[in-house]
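Heads up, the thing below is written out as structure tokens.
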Protein chains: 2
Amino acid sequence: MAALKERMAQFISLTSEEYDYFYQQLTIKKVKKKEKLLQEGEICTHAFYLLEGCIRYYTVVEGEEHTGQFFFEGSWYSDYDSFLSQMPSKQYIETLEKTKVAMLSKKTLEHLYTKIPKFERFGRLMAERAYLGARKKNETLTLLSAEERYLHLIQQRPKVVERVPQHYIASYLGIKPPSLSRIRKRLAQNR
Amino acid sequence: MAALKERMAQFISLTSEEYDYFYQQLTIKKVKKKEKLLQEGEICTHAFYLLEGCIRYYTVVEGEEHTGQFFFEGSWYSDYDSFLSQMPSKQYIETLEKTKVAMLSKKTLEHLYTKIPKFERFGRLMAERAYLGARKKNETLTLLSAEERYLHLIQQRPKVVERVPQHYIASYLGIKPPSLSRIRKRLAQNR
DNA sequence: CGCGACGTTGATTTGCCTCAACGATTGTGG
DNA sequence: CCACAATCGTTGAGGCAAATCAACGTCGCG
């Protein structure tokens, strides 16, 4: 899959042999819309690269879903918490569309870390990106009002607004569907 | 400094020679209370290990400080955003007490990454920890009320409540000092 | 000692939630 | 292919937690 090869090249430069070796370790999986790649209580054994489609991760607290993030084709995602500690996950990973993923097992990754040290660097870069992303989300939550967060999302991540149902967006923004609906109404009336 | 040696050993196992080599690259600095290790607009060239004391990082938006996190002796901290990109920082790092830091420059760290590959692993582990910490803070912000966040802080990080002035705690919790004062009053009365 | 920083308290406002009802759209089984 | 159910989004009324604005007491420090 050429797209993945190019994506990897943005992080580390692998020879064709190294890339092929890496690629052989991956398991490709096609998943229908609304299916789960991970459930609460399971141990997260894989990292996922999205070849096509779209996922979200969320947690359930007191019967309520809280969407943490959305990911689209070209992104890596894993429940780091469970993946690193190999303890039961607290989150769900769910497809929002028909999705094709490349799965990289923890075992394989650790094998790569030692066999091809460049992958240790890859792991670091991924973790650093994840951290910056998490902090950015923190900032929007603490600095912006619900309406501002929604405008920010439209501007920064139009794909989300286009491809994700509204109640998941509300959940991601930390508000309830009625509130998002009212915000949209207000914006449509130019305030 | 033995404490740092032990701390490093929790992440990677270095020989005494490797550790000594590493330690030689550090610059030790003593800083008074309320001084800044980094200012907005500066490029963050170092990571800081706290040998003694306590810092916070914060951003200023529309004249208002927003405290992101507190760190105590035994922790590493750097503005990853600026440190990684070498772009001007958006944050301040400020001591809350008389503080002693070991400074590790980006240049040295990158040198270590290649010279002692174990450090690449160290870098990855630090980034992973940072990510998990950021996500945990996200969770408390989205799932808990202000009062619950304060109780959570008392329980999870008593040092913060003991050593940090109240208005910085309010800023960290995402509320205003009058609100925190009322929360404390309520808690003191009701049980 | 006097000033500024910090914390408290009261009155009022506001942004988002809750509960509830309802319309529109999607999906499904007969 | 239609009928009905379920899901999703909208809207209204009322409530509440935290913000805002403002005043005041207290403490630490120069």
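By order of appearance in the structure tokens: chains A, B, ..., then residues from 1 within every chain, and ligands from 1 in the order shown.
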
- Find the residues of chain A in contact range of chain B, meaning any atom within 7 Å when counting only C-alpha atoms, and list them as a PyMOL selection string. chain A and resi 81+120-121+123-124+127-128+130-132+134-135+138+142+174

May I have the selected residues written with N, CA and C atoms, as a PDB file, in the first residue's frame?
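So part.pdb came out as:
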ATOM      1  N   ASP A  81      -2.909   3.658  26.474  1.00  0.00           N
ATOM      2  CA  ASP A  81      -3.012   3.295  27.881  1.00  0.00           C
ATOM      3  C   ASP A  81      -2.967   1.779  28.023  1.00  0.00           C
ATOM      4  N   GLU A 120      12.320   2.599  16.898  1.00  0.00           N
ATOM      5  CA  GLU A 120      12.284   3.216  18.229  1.00  0.00           C
ATOM      6  C   GLU A 120      12.020   4.709  18.052  1.00  0.00           C
ATOM      7  N   ARG A 121      12.668   5.268  17.073  1.00  0.00           N
ATOM      8  CA  ARG A 121      12.455   6.675  16.738  1.00  0.00           C
ATOM      9  C   ARG A 121      11.017   6.905  16.267  1.00  0.00           C
ATOM     10  N   GLY A 123       8.434   5.198  17.092  1.00  0.00           N
ATOM     11  CA  GLY A 123       7.593   5.141  18.289  1.00  0.00           C
ATOM     12  C   GLY A 123       7.640   6.448  19.061  1.00  0.00           C
ATOM     13  N   ARG A 124       8.819   7.025  19.158  1.00  0.00           N
ATOM     14  CA  ARG A 124       8.939   8.293  19.871  1.00  0.00           C
ATOM     15  C   ARG A 124       8.175   9.389  19.150  1.00  0.00           C
ATOM     16  N   ALA A 127       4.462   9.073  19.672  1.00  0.00           N
ATOM     17  CA  ALA A 127       4.059   9.454  21.025  1.00  0.00           C
ATOM     18  C   ALA A 127       4.094  10.967  21.180  1.00  0.00           C
ATOM     19  N   GLU A 128       5.121  11.587  20.591  1.00  0.00           N
ATOM     20  CA  GLU A 128       5.218  13.048  20.683  1.00  0.00           C
ATOM     21  C   GLU A 128       4.033  13.721  19.997  1.00  0.00           C
ATOM     22  N   ALA A 130       1.126  12.404  19.482  1.00  0.00           N
ATOM     23  CA  ALA A 130      -0.074  12.122  20.273  1.00  0.00           C
ATOM     24  C   ALA A 130      -0.167  13.111  21.436  1.00  0.00           C
ATOM     25  N   TYR A 131       0.972  13.368  22.060  1.00  0.00           N
ATOM     26  CA  TYR A 131       0.985  14.302  23.181  1.00  0.00           C
ATOM     27  C   TYR A 131       0.569  15.700  22.749  1.00  0.00           C
ATOM     28  N   LEU A 132       1.141  16.167  21.655  1.00  0.00           N
ATOM     29  CA  LEU A 132       0.795  17.507  21.187  1.00  0.00           C
ATOM     30  C   LEU A 132      -0.688  17.592  20.836  1.00  0.00           C
ATOM     31  N   ALA A 134      -3.114  15.797  22.182  1.00  0.00           N
ATOM     32  CA  ALA A 134      -3.896  15.783  23.420  1.00  0.00           C
ATOM     33  C   ALA A 134      -3.847  17.152  24.087  1.00  0.00           C
ATOM     34  N   ARG A 135      -2.688  17.794  24.038  1.00  0.00           N
ATOM     35  CA  ARG A 135      -2.597  19.105  24.674  1.00  0.00           C
ATOM     36  C   ARG A 135      -3.394  20.139  23.919  1.00  0.00           C
ATOM     37  N   ASN A 138      -6.875  19.801  25.006  1.00  0.00           N
ATOM     38  CA  ASN A 138      -6.989  20.429  26.327  1.00  0.00           C
ATOM     39  C   ASN A 138      -7.202  21.930  26.208  1.00  0.00           C
ATOM     40  N   THR A 142     -10.305  24.255  27.576  1.00  0.00           N
ATOM     41  CA  THR A 142     -10.200  25.191  28.687  1.00  0.00           C
ATOM     42  C   THR A 142     -10.339  26.641  28.239  1.00  0.00           C
ATOM     43  N   GLY A 174     -17.858  18.067  24.121  1.00  0.00           N
ATOM     44  CA  GLY A 174     -18.159  18.126  25.551  1.00  0.00           C
ATOM     45  C   GLY A 174     -19.483  18.800  25.846  1.00  0.00           C
TER      46      GLY A 174
END

- Task: Would you please extract all strand (DSSP E) residues from chain B, as assigned by DSSP on the backbone, and give them as an NGL selection string?
- Result: :B and (27-31 or 36-38 or 46-52 or 54-61 or 64-72 or 76-77 or 91-95 or 99-105)

- Taking only C-alpha atoms (C1' of nucleotides) into account, which residues of chain D are within 12 Å of chain B, as JSON, numbers by chain? {"D": [17, 18, 19, 20, 21]}

- Task: Quick one: pull the distance between CA of Glu65 (chain A) and CA of Glu35 (chain A), Å, one decimal.
- Result: 15.6 Å

- Would you list which chain C residues are within 12 Å of chain B using only C-alpha atoms (C1' of nucleotides), as a ChimeraX atom specification? /C:5-10
